[in-house]
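S.K.: Contents of coords17.cif (mmCIF, C-alpha atoms):
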data_coords
#
loop_
_atom_site.label_atom_id
_atom_site.label_comp_id
_atom_site.auth_asym_id
_atom_site.auth_seq_id
_atom_site.Cartn_x
_atom_site.Cartn_y
_atom_site.Cartn_z
CA MET A 168 7.34 27.95 1.88
CA ARG A 169 8.93 28.18 5.31
CA ALA A 170 7.34 30.32 8.00
CA PRO A 171 9.41 33.40 8.95
CA GLY A 172 11.44 32.90 12.09
CA PHE A 173 9.77 35.85 13.83
CA TRP A 174 6.40 34.03 13.68
CA SER A 175 7.56 31.85 16.56
CA GLY A 176 7.08 32.79 20.19
CA GLY A 177 8.66 35.97 21.54
CA SER A 178 8.57 39.57 20.39
CA GLY A 179 10.13 38.82 17.00
CA GLY A 180 11.91 42.18 16.84
CA ILE A 181 10.73 45.05 14.69
CA ALA A 182 9.34 43.04 11.74
CA PRO A 183 5.97 42.20 13.38
CA LEU A 184 5.50 45.84 14.34
CA LEU A 185 6.17 47.05 10.80
CA LEU A 186 3.73 44.49 9.43
CA SER A 187 0.98 45.14 11.97
CA PRO A 188 -1.02 47.55 9.74
CA ILE A 189 -1.27 44.86 7.04
CA ALA A 190 -2.16 42.32 9.72
CA ALA A 191 -5.05 44.52 10.84
CA ILE A 192 -6.39 44.61 7.28
CA TYR A 193 -6.02 40.82 7.02
CA ALA A 194 -7.93 40.27 10.27
CA ALA A 195 -10.72 42.63 9.23
CA ALA A 196 -11.08 40.86 5.88
CA THR A 197 -11.34 37.49 7.63
CA ALA A 198 -13.99 38.84 10.03
CA ARG A 199 -16.08 40.20 7.13
CA ARG A 200 -15.81 36.91 5.27
CA MET A 201 -16.84 34.88 8.30
CA ALA A 202 -19.94 37.03 8.80
CA ARG A 203 -21.47 35.49 5.68
CA PRO A 204 -23.87 32.58 6.30
CA GLY A 205 -22.93 29.15 4.95
CA TRP A 206 -24.98 26.36 3.41
CA GLN A 207 -26.62 24.17 6.05
CA ALA A 208 -26.09 20.58 4.94
CA PRO A 209 -28.78 18.00 5.79
CA VAL A 210 -26.09 15.90 7.51
CA PRO A 211 -23.76 16.72 10.44
CA VAL A 212 -20.67 18.71 9.49
CA ILE A 213 -17.58 18.58 11.70
CA CYS A 214 -14.65 20.93 11.17
CA CYS A 215 -11.12 20.21 12.38
CA GLY A 216 -9.57 23.65 12.09
CA ASN A 217 -6.93 25.85 13.65
CA ALA A 218 -6.09 29.49 14.16
CA THR A 219 -2.61 29.37 12.68
CA ALA A 220 -1.21 28.93 9.20
CA GLY A 221 0.56 25.61 8.78
CA GLY A 222 0.26 22.26 10.45
CA ALA A 223 -1.27 21.76 13.88
CA GLY A 224 -2.43 18.16 13.59
CA LYS A 225 -5.79 18.71 11.87
CA THR A 226 -5.49 15.72 9.54
CA VAL A 227 -4.60 13.34 12.38
CA VAL A 228 -7.65 14.56 14.32
CA ALA A 229 -9.87 14.25 11.24
CA LEU A 230 -8.71 10.67 10.66
CA ASP A 231 -9.40 9.78 14.29
CA LEU A 232 -12.93 11.21 14.14
CA GLY A 233 -13.57 9.52 10.81
CA GLN A 234 -12.65 6.16 12.30
CA ARG A 235 -14.84 6.78 15.36
CA LEU A 236 -17.89 7.66 13.27
CA SER A 237 -17.24 4.72 10.95
CA ASN A 238 -17.14 2.45 13.99
CA ARG A 239 -20.67 3.68 14.74
CA GLY A 240 -21.80 2.73 11.25
CA VAL A 241 -21.94 6.33 9.96
CA ALA A 242 -21.10 6.77 6.26
CA THR A 243 -18.53 9.53 6.75
CA HIS A 244 -16.94 11.56 3.97
CA PHE A 245 -13.95 13.88 4.30
CA LEU A 246 -13.84 17.33 2.72
CA THR A 247 -10.63 19.32 2.20
CA ARG A 248 -9.28 22.10 0.05
CA GLY A 249 -6.56 19.86 -1.34
CA TYR A 250 -3.73 22.24 -0.49
CA GLY A 251 -0.83 21.93 -2.93
CA GLY A 252 -2.93 20.18 -5.59
CA ARG A 253 -3.96 21.64 -8.93
CA LEU A 254 -7.55 20.35 -8.95
CA LYS A 255 -10.13 22.80 -7.59
CA GLY A 256 -12.99 20.29 -7.51
CA PRO A 257 -15.36 19.23 -6.37
CA VAL A 258 -13.74 15.90 -7.11
CA MET A 259 -13.74 12.63 -5.21
CA VAL A 260 -10.18 11.52 -4.60
CA ASP A 261 -9.15 8.30 -6.29
CA PRO A 262 -5.72 7.21 -5.00
CA ALA A 263 -5.33 4.95 -8.04
CA GLN A 264 -5.60 7.94 -10.39
CA HIS A 265 -4.73 11.02 -8.37
CA ASP A 266 -1.34 11.97 -6.97
CA SER A 267 -0.34 14.73 -4.54
CA GLN A 268 0.23 17.16 -7.40
CA ALA A 269 -3.41 16.75 -8.36
CA VAL A 270 -5.15 16.67 -4.97
CA GLY A 271 -2.52 17.50 -2.33
CA ASP A 272 -1.01 15.17 0.25
CA GLU A 273 -3.56 15.30 3.10
CA SER A 274 -6.41 14.22 0.84
CA LEU A 275 -4.56 11.03 -0.10
CA LEU A 276 -4.13 10.15 3.58
CA LEU A 277 -7.82 10.79 4.21
CA ALA A 278 -8.92 8.83 1.14
CA ALA A 279 -7.13 5.75 2.46
CA LEU A 280 -9.77 5.63 5.21
CA ARG A 281 -13.01 7.08 3.84
CA PRO A 282 -14.36 8.77 0.68
CA THR A 283 -12.68 12.14 0.36
CA TRP A 284 -13.63 15.25 -1.58
CA VAL A 285 -11.32 18.04 -2.72
CA ALA A 286 -13.11 21.33 -3.22
CA GLY A 287 -11.95 24.92 -3.05
CA ASP A 288 -15.66 25.78 -2.83
CA ARG A 289 -16.61 24.03 0.41
CA GLU A 290 -20.35 24.39 -0.22
CA ALA A 291 -20.02 22.68 -3.61
CA GLY A 292 -17.89 19.98 -2.01
CA GLY A 293 -20.42 19.45 0.76
CA ARG A 294 -23.28 19.17 -1.72
CA ALA A 295 -21.33 16.65 -3.78
CA ALA A 296 -20.61 14.55 -0.69
CA VAL A 297 -24.28 14.53 0.35
CA GLU A 298 -25.39 13.57 -3.15
CA SER A 299 -22.93 10.67 -3.01
CA GLY A 300 -24.41 9.28 0.20
CA ALA A 301 -22.45 10.99 2.98
CA GLN A 302 -24.23 10.73 6.34
CA ALA A 303 -21.63 12.99 7.97
CA ILE A 304 -18.91 15.29 6.66
CA ILE A 305 -15.57 15.92 8.35
CA MET A 306 -13.70 18.98 7.14
CA ASP A 307 -9.92 18.91 7.34
CA ASP A 308 -9.30 22.66 7.74
CA GLY A 309 -11.89 25.26 6.77
CA LEU A 310 -12.52 26.98 10.09
CA GLN A 311 -11.98 30.33 8.33
CA ASN A 312 -14.14 29.34 5.35
CA PRO A 313 -17.84 30.25 5.70
CA GLY A 314 -19.13 28.26 2.71
CA LEU A 315 -20.40 25.34 4.76
CA ALA A 316 -22.17 25.71 8.12
CA LYS A 317 -20.56 23.60 10.85
CA ASP A 318 -22.35 21.60 13.54
CA LEU A 319 -19.16 20.94 15.50
CA SER A 320 -15.89 22.84 15.16
CA LEU A 321 -12.71 21.86 16.97
CA LEU A 322 -9.77 24.22 17.38
CA VAL A 323 -6.67 22.06 16.92
CA VAL A 324 -3.54 23.39 18.64
CA ASP A 325 0.02 22.10 18.46
CA GLY A 326 1.28 22.18 22.04
CA ASN A 327 4.86 22.73 20.90
CA TYR A 328 4.13 25.74 18.69
CA GLY A 329 0.93 27.08 20.20
CA PHE A 330 -0.09 30.35 18.55
CA GLY A 331 3.43 31.47 17.71
CA ASN A 332 4.03 35.14 18.51
CA GLY A 333 0.28 35.71 18.83
CA ARG A 334 0.08 38.08 15.85
CA ILE A 335 -2.00 38.01 12.66
CA ILE A 336 -0.58 37.18 9.21
CA PRO A 337 1.84 38.55 7.97
CA ALA A 338 3.08 39.82 11.35
CA GLY A 339 2.60 36.33 12.81
CA PRO A 340 1.06 32.95 12.04
CA LEU A 341 -2.54 33.64 13.11
CA ARG A 342 -5.28 33.56 10.49
CA GLU A 343 -7.48 35.51 12.89
CA PRO A 344 -7.41 36.41 16.60
CA VAL A 345 -7.45 33.36 18.85
CA ALA A 346 -10.60 34.58 20.59
CA ALA A 347 -12.45 34.89 17.27
CA ALA A 348 -11.54 31.37 16.20
CA ALA A 349 -12.35 29.93 19.63
CA ALA A 350 -15.76 31.60 19.66
CA ARG A 351 -16.87 29.39 16.76
CA CYS A 352 -15.57 26.17 18.35
CA ARG A 353 -17.13 23.73 20.80
CA ALA A 354 -13.74 22.65 22.16
CA ALA A 355 -10.00 22.92 21.61
CA VAL A 356 -7.81 19.88 20.95
CA LEU A 357 -4.36 20.42 22.43
CA ILE A 358 -1.90 17.95 20.93
CA GLY A 359 1.20 17.25 23.00
CA GLU A 360 2.51 19.04 26.06
CA ASP A 361 1.53 22.70 26.27
CA GLU A 362 5.10 23.92 25.87
CA ALA A 363 4.03 27.24 24.33
CA GLY A 364 1.40 28.13 26.94
CA ALA A 365 -1.42 27.99 24.39
CA ALA A 366 -4.08 26.98 26.93
CA ALA A 367 -3.67 30.29 28.73
CA MET A 368 -4.57 32.14 25.52
CA LEU A 369 -7.87 30.30 25.13
CA PRO A 370 -11.16 31.52 26.64
CA PRO A 371 -11.64 29.95 30.10
CA SER A 372 -15.07 28.69 29.04
CA LEU A 373 -13.70 26.64 26.12
CA PRO A 374 -13.18 22.95 27.00
CA VAL A 375 -9.67 21.73 26.21
CA LEU A 376 -9.34 18.09 25.14
CA ARG A 377 -5.81 16.81 25.43
CA ALA A 378 -4.24 14.26 23.13
CA ARG A 379 -0.87 13.18 21.84
CA GLN A 380 0.45 11.70 18.65
CA VAL A 381 1.88 8.22 19.12
CA PRO A 382 3.99 6.34 16.56
CA GLY A 383 2.62 3.43 14.59
CA PRO A 384 3.82 -0.18 14.60
CA GLU A 385 6.89 0.68 12.51
CA ALA A 386 8.45 2.19 15.62
CA GLU A 387 9.35 -1.22 17.04
CA LEU A 388 11.25 -2.12 13.89
CA LEU A 389 13.25 1.13 14.01
CA ALA A 390 14.27 0.88 17.68
CA GLY A 391 18.05 0.66 17.94
CA GLN A 392 18.48 1.13 14.17
CA PRO A 393 20.42 3.98 12.50
CA VAL A 394 18.01 6.09 10.46
CA PHE A 395 18.27 8.95 7.99
CA ALA A 396 15.16 11.06 8.52
CA PHE A 397 13.76 13.49 5.97
CA CYS A 398 10.48 15.38 5.75
CA GLY A 399 8.72 18.44 4.40
CA ILE A 400 6.23 19.30 7.14
CA ALA A 401 5.46 22.41 9.20
CA ASN A 402 7.33 21.19 12.28
CA PRO A 403 10.14 18.81 11.22
CA GLN A 404 11.64 18.71 14.70
CA LYS A 405 8.51 16.98 15.95
CA PHE A 406 9.17 14.13 13.50
CA PHE A 407 12.84 13.90 14.45
CA ASN A 408 11.94 13.84 18.14
CA SER A 409 9.41 11.06 17.52
CA LEU A 410 12.12 8.89 16.00
CA THR A 411 14.41 9.52 18.94
CA ARG A 412 11.66 8.60 21.39
CA CYS A 413 11.11 5.39 19.43
CA GLY A 414 14.70 4.44 20.19
CA ALA A 415 15.96 4.98 16.64
CA VAL A 416 19.50 6.31 16.22
CA LEU A 417 19.29 9.54 14.20
CA ALA A 418 22.33 9.22 11.92
CA GLY A 419 21.25 12.09 9.68
CA ARG A 420 18.34 14.38 8.92
CA MET A 421 17.05 16.68 6.22
CA ALA A 422 14.16 19.16 6.53
CA TYR A 423 12.33 20.70 3.59
CA ALA A 424 9.57 23.29 3.38
CA ASP A 425 6.04 22.18 4.25
CA HIS A 426 4.36 20.26 1.38
CA TYR A 427 7.67 20.11 -0.50
CA PRO A 428 7.21 18.35 -3.90
CA PHE A 429 9.94 15.71 -3.96
CA ASP A 430 11.30 14.75 -7.36
CA ALA A 431 13.50 11.90 -8.56
CA GLY A 432 16.66 13.96 -8.10
CA ASP A 433 15.79 14.67 -4.48
CA LEU A 434 15.21 11.00 -3.75
CA ARG A 435 18.40 9.85 -5.44
CA GLU A 436 20.36 12.32 -3.33
CA LEU A 437 18.54 11.38 -0.11
CA LEU A 438 19.01 7.66 -0.68
CA GLU A 439 22.70 8.18 -1.42
CA GLN A 440 23.10 10.03 1.88
CA ALA A 441 21.28 7.27 3.74
CA GLU A 442 23.45 4.62 2.11
CA ALA A 443 26.63 6.52 2.96
CA LEU A 444 25.51 6.60 6.60
CA ARG A 445 24.41 2.96 6.45
CA ALA A 446 21.07 4.16 7.74
CA ILE A 447 17.42 3.40 6.99
CA PRO A 448 15.73 6.24 5.07
CA VAL A 449 12.59 7.22 7.01
CA THR A 450 9.89 9.81 6.41
CA THR A 451 6.32 10.67 7.43
CA ALA A 452 3.14 9.29 5.88
CA LYS A 453 2.33 12.78 4.61
CA ASP A 454 5.70 13.01 2.86
CA TYR A 455 5.54 9.46 1.56
CA VAL A 456 2.62 10.25 -0.77
CA ARG A 457 4.71 13.05 -2.32
CA ILE A 458 7.62 10.72 -3.15
CA PRO A 459 7.81 9.54 -6.77
CA PRO A 460 6.31 6.01 -6.82
CA ALA A 461 9.49 4.43 -8.19
CA PHE A 462 11.33 5.24 -4.94
CA ARG A 463 8.69 4.42 -2.35
CA SER A 464 9.72 0.81 -1.80
CA ARG A 465 13.11 2.02 -0.57
CA VAL A 466 11.74 4.38 2.09
CA THR A 467 10.27 3.44 5.47
CA VAL A 468 7.29 5.36 6.86
CA LEU A 469 6.77 6.23 10.51
CA SER A 470 3.02 6.64 10.85
CA VAL A 471 1.27 8.31 13.78
CA LYS A 472 -2.14 8.11 15.38
CA LEU A 473 -3.94 10.12 18.01
CA GLU A 474 -4.21 9.00 21.60
CA TRP A 475 -6.73 10.91 23.73
CA GLU A 476 -6.18 11.60 27.40
CA ASP A 477 -9.94 11.11 27.88
CA PRO A 478 -11.56 9.34 24.91
CA THR A 479 -15.01 9.67 26.47
CA ALA A 480 -14.85 13.46 26.07
CA ILE A 481 -14.53 13.36 22.28
CA GLU A 482 -17.13 10.58 22.05
CA ALA A 483 -19.53 12.77 24.02
CA LEU A 484 -19.15 15.53 21.44
CA LEU A 485 -19.87 13.06 18.63
CA ASP A 486 -22.92 11.48 20.35
CA PRO A 487 -25.57 14.06 19.37
CA LEU A 488 -24.29 14.21 15.80
CA ALA A 489 -24.27 10.45 15.35
CA GLN A 490 -27.80 10.27 16.74
CA ARG A 491 -29.00 12.47 13.88
CA VAL A 492 -28.00 9.84 11.33
CA PRO A 493 -31.01 7.71 10.32
CA VAL A 494 -30.75 4.02 11.17
CA PRO A 495 -31.30 1.75 8.12
CA ALA A 496 -34.58 -0.12 8.24
#
Write out the structure in this file as structure tokens.
M.R.:
Amino acid sequence: MRAPGFWSGGSGGIAPLLLSPIAAIYAAATARRMARPGWQAPVPVICCGNATAGGAGKTVVALDLGQRLSNRGVATHFLTRGYGGRLKGPVMVDPAQHDSQAVGDESLLLAALRPTWVAGDREAGGRAAVESGAQAIIMDDGLQNPGLAKDLSLLVVDGNYGFGNGRIIPAGPLREPVAAAAARCRAAVLIGEDEAGAAAMLPPSLPVLRARQVPGPEAELLAGQPVFAFCGIANPQKFFNSLTRCGAVLAGRMAYADHYPFDAGDLRELLEQAEALRAIPVTTAKDYVRIPPAFRSRVTVLSVKLEWEDPTAIEALLDPLAQRVPVPA
């Protein structure tokens, strides 16, 4: 589904005011849920979460941390709800057997790097990961889920969107007040320029680590080329802007709802539009795994990775957790 327009920055008119009583109930329910203690795993648990509904860059941060821990020799497993998938888990993702309809799109991206578990019950997922040899668990989302105790939580913020209109669901995009989410986090990760003024809404005592998403190697091949861009992500304009910054010529574009399940009819229509424009069809890695396999060879992916302003800051947060992992004899 698409987020209501009034969730973005600004007053949003009368709709947020009318919905504020329901928002108060939603916030109170979240606070009661978060008061419950979670299972303390015998291995470090890191949570890449956010305060808003929708994408903020959590999966990109999780992948970056997973690579950093793997570089240290830590057997890292990912844990996610598997949003958009039918399997409730706990189940280890097998890209050869599972598709996005089974386990969601983010889990397939994570599983390409490290073992990944889908579990609606985070405690059960954490236990399964530990039993399978995980020396550390990275949660993609789950900041508002108390099932698994966290050793390090990061509040991921999209600099372009920030916290929207600053109101709680359904009056705005917040899952809980910013202060409540920040209180459970060791640091915030602000991705991109702070266009929405999100940093000013964070507690002054919370460290803010700055990073940006940079395009993958495909960018060089797209420079100067006409492209037809399509995606079903929370912030499609971010993808379109990335292509423009790469030097690609945006001949056409199509935006779908976040996690949109592409079918064969969609792809035939999209490819016909690209052909009519004599443009290269391009999408995101997250969308690519939702494309029917028969069409994937005809679509180019623009991947992204995280680039930290100060890589030593995130490594310093990982140091004490990595030191808890036993060194093989």
S.K.: From the options A:Ala418, A:Cys215, A:Val492, A:Ala480, which residue's atoms come nearest to Ser237 of chain A, counting all atoms listed in the file?
M.R.: A:Val492
S.K.: For the atom pair atom CA of Glu439 of chain A and atom CA of Gln268 of chain A, what is the interatomic distance in Å to one decimal place?
M.R.: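 A separation of 24.9 Å between them.
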S.K.: For a quick check of understanding, using all atoms listed in the file, which of A:Val258, A:Ala279, A:Ala446, A:Ala301 has the smallest distance to Phe395 of chain A?
M.R.: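 Of A:Val258, A:Ala279, A:Ala446, A:Ala301, the one nearest Phe395 of chain A is A:Ala446, counting all atoms listed in the file.
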S.K.: Mind pulling up the distance from atom CA of Thr247 of chain A to atom CA of Val297 of chain A?
M.R.: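 Atom-to-atom, atom CA of Val297 of chain A to atom CA of Thr247 of chain A, that is 14.6 Å.
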S.K.: Within 10 Å of Lys453 of chain A, counting all atoms listed in the file, which residues qualify if same-chain residues fewer than 4 places away don't, as a ChimeraX atom specification?
M.R.: /A:226,267,271-276,398-400,426,457-458,468-470
S.K.: Those residues with C-alpha atoms, as a PDB file, in the frame of the given file please?
M.R.:
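File written: selection.pdb
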ATOM      1  CA  THR A 226      -5.490  15.720   9.540  1.00  0.00           C
ATOM      2  CA  SER A 267      -0.340  14.730  -4.540  1.00  0.00           C
ATOM      3  CA  GLY A 271      -2.520  17.500  -2.330  1.00  0.00           C
ATOM      4  CA  ASP A 272      -1.010  15.170   0.250  1.00  0.00           C
ATOM      5  CA  GLU A 273      -3.560  15.300   3.100  1.00  0.00           C
ATOM      6  CA  SER A 274      -6.410  14.220   0.840  1.00  0.00           C
ATOM      7  CA  LEU A 275      -4.560  11.030  -0.100  1.00  0.00           C
ATOM      8  CA  LEU A 276      -4.130  10.150   3.580  1.00  0.00           C
ATOM      9  CA  CYS A 398      10.480  15.380   5.750  1.00  0.00           C
ATOM     10  CA  GLY A 399       8.720  18.440   4.400  1.00  0.00           C
ATOM     11  CA  ILE A 400       6.230  19.300   7.140  1.00  0.00           C
ATOM     12  CA  HIS A 426       4.360  20.260   1.380  1.00  0.00           C
ATOM     13  CA  ARG A 457       4.710  13.050  -2.320  1.00  0.00           C
ATOM     14  CA  ILE A 458       7.620  10.720  -3.150  1.00  0.00           C
ATOM     15  CA  VAL A 468       7.290   5.360   6.860  1.00  0.00           C
ATOM     16  CA  LEU A 469       6.770   6.230  10.510  1.00  0.00           C
ATOM     17  CA  SER A 470       3.020   6.640  10.850  1.00  0.00           C
TER      18      SER A 470
END
S.K.: On this structure, which residues satisfy the PyMOL selection byres ((chain A and resi 466) around 9), written as an MDAnalysis selection string?
M.R.: chainID A and resid 438 447:450 455 462:465 467:468
S.K.: Provide the atom CA of Ala415 of chain A to atom CA of Gly331 of chain A distance in Å, to one decimal place.
M.R.: 29.3 Å
S.K.: Evaluated on this file, the PyMOL selection byres ((chain A and resi 195-198) around 9) picks out some residues - which ones are they, written as a ChimeraX atom specification?
M.R.: /A:190-194,199-202,311-312,342-343,347
S.K.: Using only C-alpha atoms, which residue out of A:Arg334, A:Phe173, A:Leu321, A:Gly251 lies closest to Ile189 of chain A?
M.R.: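 The answer is A:Arg334, which sits nearest to Ile189 of chain A.
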S.K.: Using the chain letters and numbers from the file, give me the residues hit by the PyMOL selection byres ((chain A and resi 371) around 12), as a list of chain:residue names.
M.R.: A:Ala346, A:Ala349, A:Ala350, A:Ala354, A:Ala355, A:Ala365, A:Ala366, A:Ala367, A:Met368, A:Leu369, A:Pro370, A:Ser372, A:Leu373, A:Pro374, A:Val375
S.K.: Give the answer as one residue: which of A:Glu474, A:Gly287, A:Tyr250, A:Pro403 has the shortest atom-to-atom distance to Ala269 of chain A, using all atoms listed in the file?
M.R.: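 Nearest candidate to Ala269 of chain A out of A:Glu474, A:Gly287, A:Tyr250, A:Pro403: A:Tyr250.
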S.K.: Take every atom of segment 177-194 of chain A listed in the file, fit an axis-aligned box around them, add 4 Å per side, and give the centre and edge lengths in Å to one decimal as AutoDock Vina command-line options.
M.R.:
--center_x 2.0 --center_y 41.8 --center_z 14.3 --size_x 27.8 --size_y 19.6 --size_z 22.5
S.K.: Using only C-alpha atoms, pick whichever of A:Pro487, A:Gly333, A:Gly364, A:Gly414 has the shortest atom-to-atom distance to Thr219 of chain A.
M.R.: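 Of A:Pro487, A:Gly333, A:Gly364, A:Gly414, the one nearest Thr219 of chain A is A:Gly333, counting only C-alpha atoms.
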S.K.: Starting from the incomplete input, reconstruct N, CA, C and O atoms of segment 320-341 of chain A and report them as a JSON list (two decimals), in the coordinates of the input.
M.R.:
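To be explicit, this is the file written out as selection.json:
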[["chain", "number", "residue", "atom", "x", "y", "z"],
["A", 320, "SER", "N", -17.23, 22.40, 15.55],
["A", 320, "SER", "CA", -15.89, 22.84, 15.16],
["A", 320, "SER", "C", -14.94, 22.62, 16.31],
["A", 320, "SER", "O", -15.26, 22.93, 17.47],
["A", 321, "LEU", "N", -13.77, 22.09, 15.98],
["A", 321, "LEU", "CA", -12.71, 21.86, 16.97],
["A", 321, "LEU", "C", -11.50, 22.70, 16.61],
["A", 321, "LEU", "O", -11.07, 22.71, 15.45],
["A", 322, "LEU", "N", -10.96, 23.40, 17.59],
["A", 322, "LEU", "CA", -9.77, 24.22, 17.38],
["A", 322, "LEU", "C", -8.54, 23.38, 17.73],
["A", 322, "LEU", "O", -8.26, 23.13, 18.90],
["A", 323, "VAL", "N", -7.83, 22.93, 16.72],
["A", 323, "VAL", "CA", -6.67, 22.06, 16.92],
["A", 323, "VAL", "C", -5.43, 22.91, 17.18],
["A", 323, "VAL", "O", -5.13, 23.84, 16.41],
["A", 324, "VAL", "N", -4.71, 22.60, 18.24],
["A", 324, "VAL", "CA", -3.54, 23.39, 18.64],
["A", 324, "VAL", "C", -2.35, 22.46, 18.85],
["A", 324, "VAL", "O", -2.45, 21.45, 19.56],
["A", 325, "ASP", "N", -1.23, 22.81, 18.25],
["A", 325, "ASP", "CA", 0.02, 22.10, 18.46],
["A", 325, "ASP", "C", 0.64, 22.62, 19.75],
["A", 325, "ASP", "O", 1.00, 23.80, 19.84],
["A", 326, "GLY", "N", 0.76, 21.75, 20.75],
["A", 326, "GLY", "CA", 1.28, 22.18, 22.04],
["A", 326, "GLY", "C", 2.70, 22.72, 21.98],
["A", 326, "GLY", "O", 3.08, 23.57, 22.79],
["A", 327, "ASN", "N", 3.48, 22.27, 21.03],
["A", 327, "ASN", "CA", 4.86, 22.73, 20.90],
["A", 327, "ASN", "C", 4.94, 24.14, 20.34],
["A", 327, "ASN", "O", 5.74, 24.96, 20.78],
["A", 328, "TYR", "N", 4.08, 24.44, 19.37],
["A", 328, "TYR", "CA", 4.13, 25.74, 18.69],
["A", 328, "TYR", "C", 3.11, 26.73, 19.24],
["A", 328, "TYR", "O", 3.35, 27.94, 19.27],
["A", 329, "GLY", "N", 1.97, 26.21, 19.68],
["A", 329, "GLY", "CA", 0.93, 27.08, 20.20],
["A", 329, "GLY", "C", 0.41, 28.03, 19.14],
["A", 329, "GLY", "O", 0.06, 27.63, 18.03],
["A", 330, "PHE", "N", 0.37, 29.32, 19.47],
["A", 330, "PHE", "CA", -0.09, 30.35, 18.55],
["A", 330, "PHE", "C", 1.04, 31.26, 18.10],
["A", 330, "PHE", "O", 0.83, 32.40, 17.72],
["A", 331, "GLY", "N", 2.27, 30.72, 18.17],
["A", 331, "GLY", "CA", 3.43, 31.47, 17.71],
["A", 331, "GLY", "C", 3.61, 32.74, 18.52],
["A", 331, "GLY", "O", 3.51, 32.73, 19.75],
["A", 332, "ASN", "N", 3.84, 33.86, 17.82],
["A", 332, "ASN", "CA", 4.03, 35.14, 18.51],
["A", 332, "ASN", "C", 2.71, 35.83, 18.83],
["A", 332, "ASN", "O", 2.70, 36.96, 19.33],
["A", 333, "GLY", "N", 1.59, 35.17, 18.49],
["A", 333, "GLY", "CA", 0.28, 35.71, 18.83],
["A", 333, "GLY", "C", -0.20, 36.81, 17.91],
["A", 333, "GLY", "O", -1.20, 37.46, 18.21],
["A", 334, "ARG", "N", 0.46, 37.01, 16.78],
["A", 334, "ARG", "CA", 0.08, 38.08, 15.85],
["A", 334, "ARG", "C", -0.56, 37.51, 14.58],
["A", 334, "ARG", "O", -0.36, 36.35, 14.24],
["A", 335, "ILE", "N", -1.28, 38.39, 13.88],
["A", 335, "ILE", "CA", -2.00, 38.01, 12.66],
["A", 335, "ILE", "C", -1.06, 38.05, 11.45],
["A", 335, "ILE", "O", -0.15, 38.88, 11.39],
["A", 336, "ILE", "N", -1.31, 37.19, 10.48],
["A", 336, "ILE", "CA", -0.58, 37.18, 9.21],
["A", 336, "ILE", "C", -0.62, 38.60, 8.59],
["A", 336, "ILE", "O", -1.65, 39.24, 8.58],
["A", 337, "PRO", "N", 0.50, 39.13, 8.10],
["A", 337, "PRO", "CA", 1.84, 38.55, 7.97],
["A", 337, "PRO", "C", 2.76, 38.84, 9.16],
["A", 337, "PRO", "O", 3.93, 38.47, 9.12],
["A", 338, "ALA", "N", 2.25, 39.51, 10.19],
["A", 338, "ALA", "CA", 3.08, 39.82, 11.35],
["A", 338, "ALA", "C", 3.33, 38.59, 12.22],
["A", 338, "ALA", "O", 4.24, 38.56, 13.03],
["A", 339, "GLY", "N", 2.49, 37.57, 12.05],
["A", 339, "GLY", "CA", 2.60, 36.33, 12.81],
["A", 339, "GLY", "C", 1.85, 35.24, 12.09],
["A", 339, "GLY", "O", 1.40, 35.42, 10.95],
["A", 340, "PRO", "N", 1.67, 34.09, 12.73],
["A", 340, "PRO", "CA", 1.06, 32.95, 12.04],
["A", 340, "PRO", "C", -0.46, 32.86, 12.14],
["A", 340, "PRO", "O", -1.06, 31.97, 11.55],
["A", 341, "LEU", "N", -1.10, 33.77, 12.88],
["A", 341, "LEU", "CA", -2.54, 33.64, 13.11],
["A", 341, "LEU", "C", -3.36, 34.05, 11.89],
["A", 341, "LEU", "O", -3.13, 35.11, 11.29]]
